[in-house]
Amino acid sequence: MQFARRFCIAALCTVGLLLGASAAQAQQTKLLPNDTELIVTFNLQQILKSEVLKTDQAKLLMGLAKGKISEALEDNPLGKYLKTAEFDLFKDLHVITFAVPGGRNPEEGFIVLEGKFDADKIEAAAAEASKEAGGGLKVIRLGNAKVFEITPKGEKAMYVGILNKKTMIACATKADFLEATARMSGSKSPNFKSAVFKNLLETVNNKQSISFVATSAMLIKLAEKAPEGAGGDQAKQAMDCLKQMDGFSAAVTIQKDIDFQMGVSTMDADTAKKYAGLGELLIGVAKLKVAEAAKKDQ
C-alpha cells in the first residue's frame, strides 16, 4: 500500500519508531478516525512477556531474532537515530495499531504507537535525520500538539506527533490529527460510522497479541486494487465469500497456550450458520495438523 511505503520513509525522519504500524475503548481504537473500517493491532510486549516465550527453546529463538534485528540496525541509519533518541525497540515499543479508512483513499491511513516516548530526544533525532536526508521535515503545531510535518521527496505530507509520554500517532491529514488530539483530551468521543465495524470491534480486546477487524466493503475495496490475475480462482472464491459477509475479525492470543479467535458478521442467520460450521471444520483440521507437528517437535 502506498501509504505504508510513505510512512516507512517518514519514520526514518522520526527515529524510525514505526518500523516498516474495555475491548472497544482501548487506547489504540479511541484515537482512530470515525470512518475507520479496518484495523490491525500488534501487542508486542504482550507477546514478548508471554509464557510461550519463556521456554529455553523460545528464549534461544528470540535471542537470535533480536540479534539479527540489532545487526540490521547497526548497518542502517535508523539504528543511529534510535540510539540518539535513546529508544529501545524491544522495551519501549509496546503496541502498534494500523488503521485504514472507508469511503476515501485507503492511503490516508492512521497509525497509533503505544510505549515510552521522550519527545525532546525524538525531536533531536528527527532533526538530525532530516538534515542528513536533505530536509523534508518541519515542526508545526496542530491544536496543542507539536507535530512533525514530513514530506519525503515526491510524496504527500505526513503528520507525526507525540500526544503524551505513552502515545505517538501518524496520519495523512491534519483533520485526522486534530480529531485524535480532541479525543485524547476528552473533548470528543469516538463515533464510528460503520455499525458493522463498531460491533466487530467488540470481539477483540487489548489483551490479545494480534487482532484484525475489517468490514467486507473495505476488504473488497482493497482486493479490487490488487494486481489483475493475483490468486486466480482462489481470489475469485475469496471475493464471492466476502460478498456474503458484512465483516470479519480474527485474533491470536499468545500466553501459556496459543489461542485463535475468529468472528464473522453476515447478512442472515443461514449464512452465519454456514460460516460457523466451516470455521469449526477449519479449526478442527488445524488442531490435528498442530498435534501431528508437536509429536515431531515438542
# chains A, B, ... in the order shown; residues from 1 in each chain; ligands from 1
$ closest_atom_pairs --of "stretch 239-282 of chain A" --to "stretch 185-204 of chain A" --cutoff "7 Å" --atoms "only C-alpha atoms" --output "Markdown table"
| residue | atom | partner | partner_atom | distance |
| --- | --- | --- | --- | --- |
| A:Asp246 | CA | A:Val196 | CA | 6.6 |
| A:Gly247 | CA | A:Val196 | CA | 6.5 |
| A:Ser249 | CA | A:Leu200 | CA | 6.4 |
| A:Ala251 | CA | A:Val204 | CA | 6.8 |
$ residues_around --residues "A:Thr271" --least-positions-apart "4" --cutoff "9 Å" --atoms "only C-alpha atoms" --output "list in words"
Gln244, Met245, Thr266, Met267, Tyr275 and Ala276 of chain A
$ atom_distance --atom1 "atom CA of A:Asn43" --atom2 "atom CA of A:Gln255"
12.1 Å
$ closest_atom_pairs --of "stretch 198-298 of chain A" --to "stretch 55-74 of chain A" --cutoff "12 Å" --atoms "only C-alpha atoms" --output "JSON lines"
{"residue": "A:Gln255", "atom": "CA", "partner": "A:Thr55", "partner_atom": "CA", "distance": 11.9}
{"residue": "A:Lys256", "atom": "CA", "partner": "A:Thr55", "partner_atom": "CA", "distance": 10.1}
{"residue": "A:Asp297", "atom": "CA", "partner": "A:Gln57", "partner_atom": "CA", "distance": 11.1}
{"residue": "A:Gln298", "atom": "CA", "partner": "A:Gln57", "partner_atom": "CA", "distance": 10.0}
$ residues_around --residues "A:Ile111" --least-positions-apart "2" --cutoff "8 Å" --atoms "only C-alpha atoms" --output "short mmCIF file (atom, residue, chain, number, x, y, z; two decimals) with all heavy atoms, in the first residue's frame"
data_model
loop_
_atom_site.label_atom_id
_atom_site.label_comp_id
_atom_site.auth_asym_id
_atom_site.auth_seq_id
_atom_site.Cartn_x
_atom_site.Cartn_y
_atom_site.Cartn_z
N ALA A 21 2.64 -0.02 11.50
CA ALA A 21 2.21 0.10 12.42
C ALA A 21 1.25 -0.40 12.96
O ALA A 21 1.57 -1.14 12.95
CB ALA A 21 1.00 0.09 12.60
N ILE A 96 1.40 -1.54 18.36
CA ILE A 96 1.28 -0.85 17.08
C ILE A 96 -0.10 -1.13 16.51
O ILE A 96 -0.52 -2.28 16.42
CB ILE A 96 2.33 -1.33 16.06
CG1 ILE A 96 3.75 -1.19 16.61
CG2 ILE A 96 2.20 -0.56 14.75
CD1 ILE A 96 4.80 -1.79 15.70
N THR A 97 -0.82 -0.07 16.15
CA THR A 97 -2.14 -0.23 15.52
C THR A 97 -2.15 0.51 14.19
O THR A 97 -1.83 1.70 14.13
CB THR A 97 -3.25 0.32 16.42
OG1 THR A 97 -3.28 -0.39 17.65
CG2 THR A 97 -4.62 0.18 15.74
N PHE A 98 -2.50 -0.20 13.14
CA PHE A 98 -2.59 0.38 11.80
C PHE A 98 -4.05 0.38 11.37
O PHE A 98 -4.72 -0.65 11.45
CB PHE A 98 -1.75 -0.43 10.82
CG PHE A 98 -1.79 0.08 9.42
CD1 PHE A 98 -1.18 1.28 9.08
CD2 PHE A 98 -2.43 -0.63 8.41
CE1 PHE A 98 -1.22 1.76 7.78
CE2 PHE A 98 -2.48 -0.16 7.11
CZ PHE A 98 -1.87 1.04 6.79
N ALA A 99 -4.57 1.52 10.95
CA ALA A 99 -5.98 1.64 10.57
C ALA A 99 -6.13 2.18 9.15
O ALA A 99 -5.31 2.97 8.69
CB ALA A 99 -6.70 2.57 11.55
N GLY A 109 -4.16 6.35 5.68
CA GLY A 109 -4.21 5.52 6.87
C GLY A 109 -3.83 6.27 8.13
O GLY A 109 -3.49 7.46 8.10
N LEU A 113 1.02 4.39 17.97
CA LEU A 113 2.07 3.66 18.69
C LEU A 113 1.88 3.89 20.18
O LEU A 113 1.65 5.03 20.60
CB LEU A 113 3.46 4.17 18.31
CG LEU A 113 3.95 3.93 16.90
CD1 LEU A 113 5.36 4.45 16.75
CD2 LEU A 113 3.89 2.47 16.56
N ILE A 169 1.27 9.20 17.30
CA ILE A 169 0.40 8.90 16.16
C ILE A 169 1.02 9.43 14.87
O ILE A 169 1.85 10.33 14.88
CB ILE A 169 -1.02 9.49 16.33
CG1 ILE A 169 -0.97 11.03 16.37
CG2 ILE A 169 -1.70 8.93 17.56
CD1 ILE A 169 -2.35 11.68 16.34
N ALA A 170 0.59 8.85 13.76
CA ALA A 170 0.98 9.32 12.43
C ALA A 170 -0.22 9.20 11.51
O ALA A 170 -0.93 8.19 11.54
CB ALA A 170 2.14 8.49 11.89
N CYS A 171 -0.46 10.21 10.71
CA CYS A 171 -1.62 10.17 9.80
C CYS A 171 -1.35 11.03 8.58
O CYS A 171 -0.35 11.76 8.51
CB CYS A 171 -2.90 10.61 10.52
SG CYS A 171 -2.78 12.22 11.32
#
$ closest_atom_pairs --of "stretch 76-132 of chain A" --to "stretch 137-151 of chain A" --cutoff "12 Å" --atoms "only C-alpha atoms" --output "tab-separated table"
residue	atom	partner	partner_atom	distance
A:Ala119	CA	A:Lys146	CA	9.3
A:Asp120	CA	A:Lys146	CA	10.7
A:Ile122	CA	A:Phe148	CA	10.4
A:Glu123	CA	A:Phe148	CA	8.4
A:Ala124	CA	A:Val139	CA	11.3
A:Ala125	CA	A:Leu137	CA	11.7
A:Ala126	CA	A:Leu137	CA	8.1
A:Ala127	CA	A:Leu137	CA	7.5
A:Glu128	CA	A:Leu137	CA	10.2
A:Ala129	CA	A:Leu137	CA	9.0
A:Ser130	CA	A:Leu137	CA	5.8
A:Lys131	CA	A:Leu137	CA	8.5
A:Glu132	CA	A:Leu137	CA	11.0
$ select_by_dssp --residues "stretch 88-259 of chain A" --states "strand (DSSP E)" --output "PyMOL selection string"
chain A and resi 93-101+110-115+137-142+145-150+158-164+167-171+210-215+245-254+258-259
$ closest_residue --among "A:Gly136, A:Thr181, A:Gly102, A:Thr167" --to "A:Lys116" --atoms "only C-alpha atoms"
A:Thr167
$ atom_distance --atom1 "atom CA of A:Leu178" --atom2 "atom CA of A:Asp118"
21.0 Å
$ atom_distance --atom1 "atom CA of A:Leu38" --atom2 "atom CA of A:Leu89"
25.5 Å
$ residues_around --residues "A:Gln208" --least-positions-apart "2" --cutoff "9 Å" --atoms "only C-alpha atoms" --output "PyMOL selection string"
chain A and resi 41-43+46-47+204-206+210-211+251-254
$ write_last_selection --atoms "C-alpha atoms" --output "PDB file, in the first residue's frame"
ATOM      1  CA  THR A  41      -3.032  -4.371  16.082  1.00  0.00           C
ATOM      2  CA  PHE A  42       0.237  -5.933  17.267  1.00  0.00           C
ATOM      3  CA  ASN A  43       0.662  -6.112  21.047  1.00  0.00           C
ATOM      4  CA  GLN A  46       2.229  -8.977  25.467  1.00  0.00           C
ATOM      5  CA  ILE A  47       3.909 -11.374  23.049  1.00  0.00           C
ATOM      6  CA  VAL A 204     -11.318  -8.103  20.104  1.00  0.00           C
ATOM      7  CA  ASN A 205      -9.511  -6.643  23.107  1.00  0.00           C
ATOM      8  CA  ASN A 206      -6.217  -5.125  24.198  1.00  0.00           C
ATOM      9  CA  ILE A 210      -2.527  -9.784  17.305  1.00  0.00           C
ATOM     10  CA  SER A 211      -6.001  -8.694  16.238  1.00  0.00           C
ATOM     11  CA  ALA A 251      -7.279 -12.586  16.890  1.00  0.00           C
ATOM     12  CA  VAL A 252      -4.367 -14.595  18.223  1.00  0.00           C
ATOM     13  CA  THR A 253      -3.511 -14.601  21.935  1.00  0.00           C
ATOM     14  CA  ILE A 254      -0.108 -15.921  22.974  1.00  0.00           C
TER      15      ILE A 254
END
$ select_by_dssp --residues "stretch 97-276 of chain A" --states "helix (DSSP H, G or I)" --output "compact mmCIF listing (two decimals) with N, CA, C and O atoms, in the first residue's frame"
# COMPACT_ATOMS: atom_id res chain seq x y z
N ALA A 119 9.81 13.06 24.05
CA ALA A 119 9.56 13.99 22.93
C ALA A 119 10.80 14.79 22.54
O ALA A 119 11.09 14.97 21.36
N ASP A 120 11.55 15.29 23.53
CA ASP A 120 12.72 16.13 23.23
C ASP A 120 13.81 15.34 22.50
O ASP A 120 14.39 15.81 21.52
N LYS A 121 14.08 14.12 22.96
CA LYS A 121 15.11 13.30 22.35
C LYS A 121 14.70 12.84 20.94
O LYS A 121 15.52 12.77 20.03
N ILE A 122 13.40 12.56 20.79
CA ILE A 122 12.91 12.15 19.48
C ILE A 122 12.99 13.31 18.49
O ILE A 122 13.37 13.14 17.33
N GLU A 123 12.66 14.52 18.97
CA GLU A 123 12.74 15.69 18.09
C GLU A 123 14.17 15.94 17.65
O GLU A 123 14.43 16.26 16.48
N ALA A 124 15.13 15.78 18.57
CA ALA A 124 16.54 15.98 18.23
C ALA A 124 17.00 14.96 17.19
O ALA A 124 17.69 15.30 16.23
N ALA A 125 16.58 13.70 17.38
CA ALA A 125 16.96 12.66 16.43
C ALA A 125 16.29 12.89 15.08
O ALA A 125 16.88 12.66 14.02
N ALA A 126 15.03 13.36 15.10
CA ALA A 126 14.31 13.62 13.86
C ALA A 126 14.95 14.76 13.08
O ALA A 126 15.08 14.71 11.85
N ALA A 127 15.39 15.80 13.81
CA ALA A 127 16.06 16.93 13.16
C ALA A 127 17.36 16.48 12.51
O ALA A 127 17.70 16.90 11.39
N GLU A 128 18.10 15.62 13.20
CA GLU A 128 19.36 15.09 12.66
C GLU A 128 19.10 14.27 11.39
O GLU A 128 19.80 14.41 10.39
N ALA A 129 18.05 13.43 11.46
CA ALA A 129 17.71 12.60 10.30
C ALA A 129 17.30 13.45 9.11
O ALA A 129 17.68 13.19 7.97
N SER A 130 16.50 14.49 9.38
CA SER A 130 16.03 15.37 8.31
C SER A 130 17.18 16.11 7.66
O SER A 130 17.26 16.25 6.44
N LYS A 131 18.13 16.58 8.49
CA LYS A 131 19.29 17.31 7.97
C LYS A 131 20.12 16.42 7.06
O LYS A 131 20.55 16.83 5.97
N GLU A 132 20.35 15.17 7.49
CA GLU A 132 21.16 14.25 6.69
C GLU A 132 20.43 13.82 5.42
O GLU A 132 21.05 13.46 4.43
N LYS A 174 -4.28 16.66 8.39
CA LYS A 174 -4.33 17.49 9.60
C LYS A 174 -5.64 17.27 10.34
O LYS A 174 -5.68 17.29 11.58
N ALA A 175 -6.73 17.04 9.60
CA ALA A 175 -8.04 16.85 10.22
C ALA A 175 -8.04 15.62 11.12
O ALA A 175 -8.57 15.65 12.24
N ASP A 176 -7.44 14.52 10.65
CA ASP A 176 -7.38 13.30 11.46
C ASP A 176 -6.52 13.52 12.70
O ASP A 176 -6.84 13.01 13.78
N PHE A 177 -5.45 14.29 12.55
CA PHE A 177 -4.58 14.54 13.71
C PHE A 177 -5.32 15.35 14.77
O PHE A 177 -5.28 15.03 15.96
N LEU A 178 -6.01 16.41 14.34
CA LEU A 178 -6.75 17.26 15.27
C LEU A 178 -7.87 16.49 15.96
O LEU A 178 -8.14 16.68 17.15
N GLU A 179 -8.52 15.60 15.21
CA GLU A 179 -9.58 14.77 15.79
C GLU A 179 -9.02 13.87 16.87
O GLU A 179 -9.63 13.70 17.94
N ALA A 180 -7.83 13.30 16.64
CA ALA A 180 -7.22 12.42 17.62
C ALA A 180 -6.83 13.18 18.89
O ALA A 180 -7.01 12.67 20.01
N THR A 181 -6.31 14.39 18.74
CA THR A 181 -5.92 15.16 19.91
C THR A 181 -7.15 15.55 20.74
O THR A 181 -7.09 15.59 21.97
N ALA A 182 -8.26 15.81 20.05
CA ALA A 182 -9.51 16.14 20.76
C ALA A 182 -10.01 14.94 21.55
O ALA A 182 -10.49 15.08 22.68
N ARG A 183 -9.88 13.75 20.99
CA ARG A 183 -10.29 12.54 21.69
C ARG A 183 -9.36 12.25 22.87
O ARG A 183 -9.81 11.80 23.92
N MET A 184 -8.08 12.52 22.68
CA MET A 184 -7.14 12.29 23.76
C MET A 184 -7.45 13.20 24.95
O MET A 184 -7.35 12.79 26.11
N SER A 185 -7.84 14.44 24.67
CA SER A 185 -8.15 15.38 25.74
C SER A 185 -9.51 15.12 26.37
O SER A 185 -9.82 15.65 27.44
N ALA A 195 -21.65 0.56 11.52
CA ALA A 195 -22.19 -0.24 12.63
C ALA A 195 -21.55 -1.62 12.64
O ALA A 195 -21.32 -2.20 13.71
N VAL A 196 -21.25 -2.16 11.45
CA VAL A 196 -20.61 -3.48 11.36
C VAL A 196 -19.23 -3.44 12.01
O VAL A 196 -18.89 -4.30 12.83
N PHE A 197 -18.44 -2.43 11.67
CA PHE A 197 -17.10 -2.30 12.25
C PHE A 197 -17.20 -2.12 13.76
O PHE A 197 -16.45 -2.74 14.53
N LYS A 198 -18.13 -1.27 14.19
CA LYS A 198 -18.29 -0.99 15.62
C LYS A 198 -18.64 -2.26 16.39
O LYS A 198 -18.10 -2.51 17.47
N ASN A 199 -19.53 -3.08 15.84
CA ASN A 199 -19.91 -4.32 16.51
C ASN A 199 -18.78 -5.34 16.54
O ASN A 199 -18.54 -6.00 17.55
N LEU A 200 -18.06 -5.48 15.42
CA LEU A 200 -16.96 -6.44 15.37
C LEU A 200 -15.81 -6.02 16.27
O LEU A 200 -15.07 -6.86 16.78
N LEU A 201 -15.67 -4.71 16.50
CA LEU A 201 -14.61 -4.21 17.36
C LEU A 201 -14.77 -4.75 18.79
O LEU A 201 -13.79 -4.91 19.52
N SER A 216 -16.46 -6.05 5.22
CA SER A 216 -16.30 -6.70 3.91
C SER A 216 -16.13 -5.66 2.81
O SER A 216 -15.37 -5.86 1.85
N ALA A 217 -16.84 -4.54 2.95
CA ALA A 217 -16.74 -3.48 1.94
C ALA A 217 -15.29 -3.00 1.81
O ALA A 217 -14.80 -2.77 0.71
N MET A 218 -14.61 -2.88 2.95
CA MET A 218 -13.21 -2.43 2.94
C MET A 218 -12.31 -3.47 2.30
O MET A 218 -11.43 -3.16 1.50
N LEU A 219 -12.52 -4.75 2.66
CA LEU A 219 -11.70 -5.83 2.11
C LEU A 219 -11.90 -5.96 0.60
O LEU A 219 -10.95 -6.20 -0.14
N ILE A 220 -13.13 -5.82 0.15
CA ILE A 220 -13.43 -5.89 -1.29
C ILE A 220 -12.75 -4.73 -2.02
O ILE A 220 -12.17 -4.89 -3.09
N LYS A 221 -12.80 -3.55 -1.40
CA LYS A 221 -12.17 -2.37 -2.00
C LYS A 221 -10.67 -2.57 -2.16
O LYS A 221 -10.10 -2.25 -3.20
N LEU A 222 -10.03 -3.13 -1.13
CA LEU A 222 -8.59 -3.39 -1.20
C LEU A 222 -8.28 -4.49 -2.21
O LEU A 222 -7.28 -4.41 -2.93
N ALA A 223 -9.15 -5.51 -2.27
CA ALA A 223 -8.94 -6.62 -3.20
C ALA A 223 -9.02 -6.13 -4.65
O ALA A 223 -8.29 -6.60 -5.52
N GLU A 224 -9.91 -5.19 -4.90
CA GLU A 224 -10.08 -4.67 -6.25
C GLU A 224 -8.87 -3.87 -6.71
O GLU A 224 -8.64 -3.69 -7.90
N GLY A 232 -5.75 -15.90 -8.96
CA GLY A 232 -6.59 -16.67 -9.86
C GLY A 232 -7.93 -17.07 -9.28
O GLY A 232 -8.67 -16.23 -8.75
N ASP A 233 -8.26 -18.38 -9.36
CA ASP A 233 -9.55 -18.88 -8.88
C ASP A 233 -9.73 -18.65 -7.38
O ASP A 233 -10.83 -18.39 -6.91
N GLN A 234 -8.65 -18.78 -6.63
CA GLN A 234 -8.75 -18.57 -5.18
C GLN A 234 -9.16 -17.14 -4.86
O GLN A 234 -9.96 -16.92 -3.94
N ALA A 235 -8.65 -16.20 -5.62
CA ALA A 235 -9.01 -14.80 -5.40
C ALA A 235 -10.49 -14.59 -5.69
O ALA A 235 -11.18 -13.86 -4.97
N LYS A 236 -10.99 -15.22 -6.75
CA LYS A 236 -12.41 -15.09 -7.10
C LYS A 236 -13.30 -15.70 -6.01
O LYS A 236 -14.32 -15.13 -5.63
N GLN A 237 -12.90 -16.88 -5.50
CA GLN A 237 -13.67 -17.52 -4.44
C GLN A 237 -13.69 -16.66 -3.18
O GLN A 237 -14.70 -16.56 -2.50
N ALA A 238 -12.53 -16.06 -2.89
CA ALA A 238 -12.45 -15.20 -1.71
C ALA A 238 -13.36 -13.99 -1.87
O ALA A 238 -14.04 -13.57 -0.92
N MET A 239 -13.40 -13.42 -3.09
CA MET A 239 -14.25 -12.27 -3.34
C MET A 239 -15.72 -12.64 -3.20
O MET A 239 -16.52 -11.90 -2.59
N ASP A 240 -16.12 -13.79 -3.73
CA ASP A 240 -17.51 -14.26 -3.60
C ASP A 240 -17.88 -14.46 -2.14
O ASP A 240 -19.00 -14.15 -1.72
N CYS A 241 -16.91 -14.97 -1.38
CA CYS A 241 -17.13 -15.21 0.04
C CYS A 241 -17.34 -13.89 0.78
O CYS A 241 -18.24 -13.76 1.61
N LEU A 242 -16.52 -12.90 0.46
CA LEU A 242 -16.61 -11.60 1.12
C LEU A 242 -17.96 -10.93 0.85
O LEU A 242 -18.51 -10.24 1.72
N ALA A 269 -29.15 -15.33 9.08
CA ALA A 269 -28.84 -16.42 10.01
C ALA A 269 -28.30 -17.66 9.30
O ALA A 269 -27.39 -18.33 9.80
N ASP A 270 -28.87 -17.99 8.13
CA ASP A 270 -28.41 -19.19 7.40
C ASP A 270 -26.94 -19.08 6.99
O ASP A 270 -26.18 -20.04 7.10
N THR A 271 -26.56 -17.89 6.51
CA THR A 271 -25.16 -17.69 6.12
C THR A 271 -24.26 -17.76 7.34
O THR A 271 -23.15 -18.30 7.28
N ALA A 272 -24.74 -17.23 8.46
CA ALA A 272 -23.96 -17.28 9.70
C ALA A 272 -23.70 -18.72 10.12
O ALA A 272 -22.58 -19.08 10.50
N LYS A 273 -24.73 -19.58 10.05
CA LYS A 273 -24.57 -20.99 10.41
C LYS A 273 -23.58 -21.68 9.48
O LYS A 273 -22.78 -22.51 9.90
N LYS A 274 -23.65 -21.33 8.21
CA LYS A 274 -22.76 -21.92 7.21
C LYS A 274 -21.30 -21.62 7.56
O LYS A 274 -20.46 -22.53 7.59
N TYR A 275 -21.00 -20.36 7.88
CA TYR A 275 -19.63 -20.00 8.17
C TYR A 275 -19.19 -20.48 9.55
O TYR A 275 -18.01 -20.74 9.77
N ALA A 276 -20.13 -20.58 10.47
CA ALA A 276 -19.79 -21.13 11.79
C ALA A 276 -19.35 -22.58 11.64
O ALA A 276 -18.35 -23.02 12.22
$ closest_residue --among "A:Leu93, A:Leu32, A:Ala250, A:Val290" --to "A:Lys165" --atoms "only C-alpha atoms"
A:Leu93
$ closest_residue --among "A:Leu163, A:Met158, A:Val264, A:Ala214" --to "A:Thr36" --atoms "only C-alpha atoms"
A:Ala214
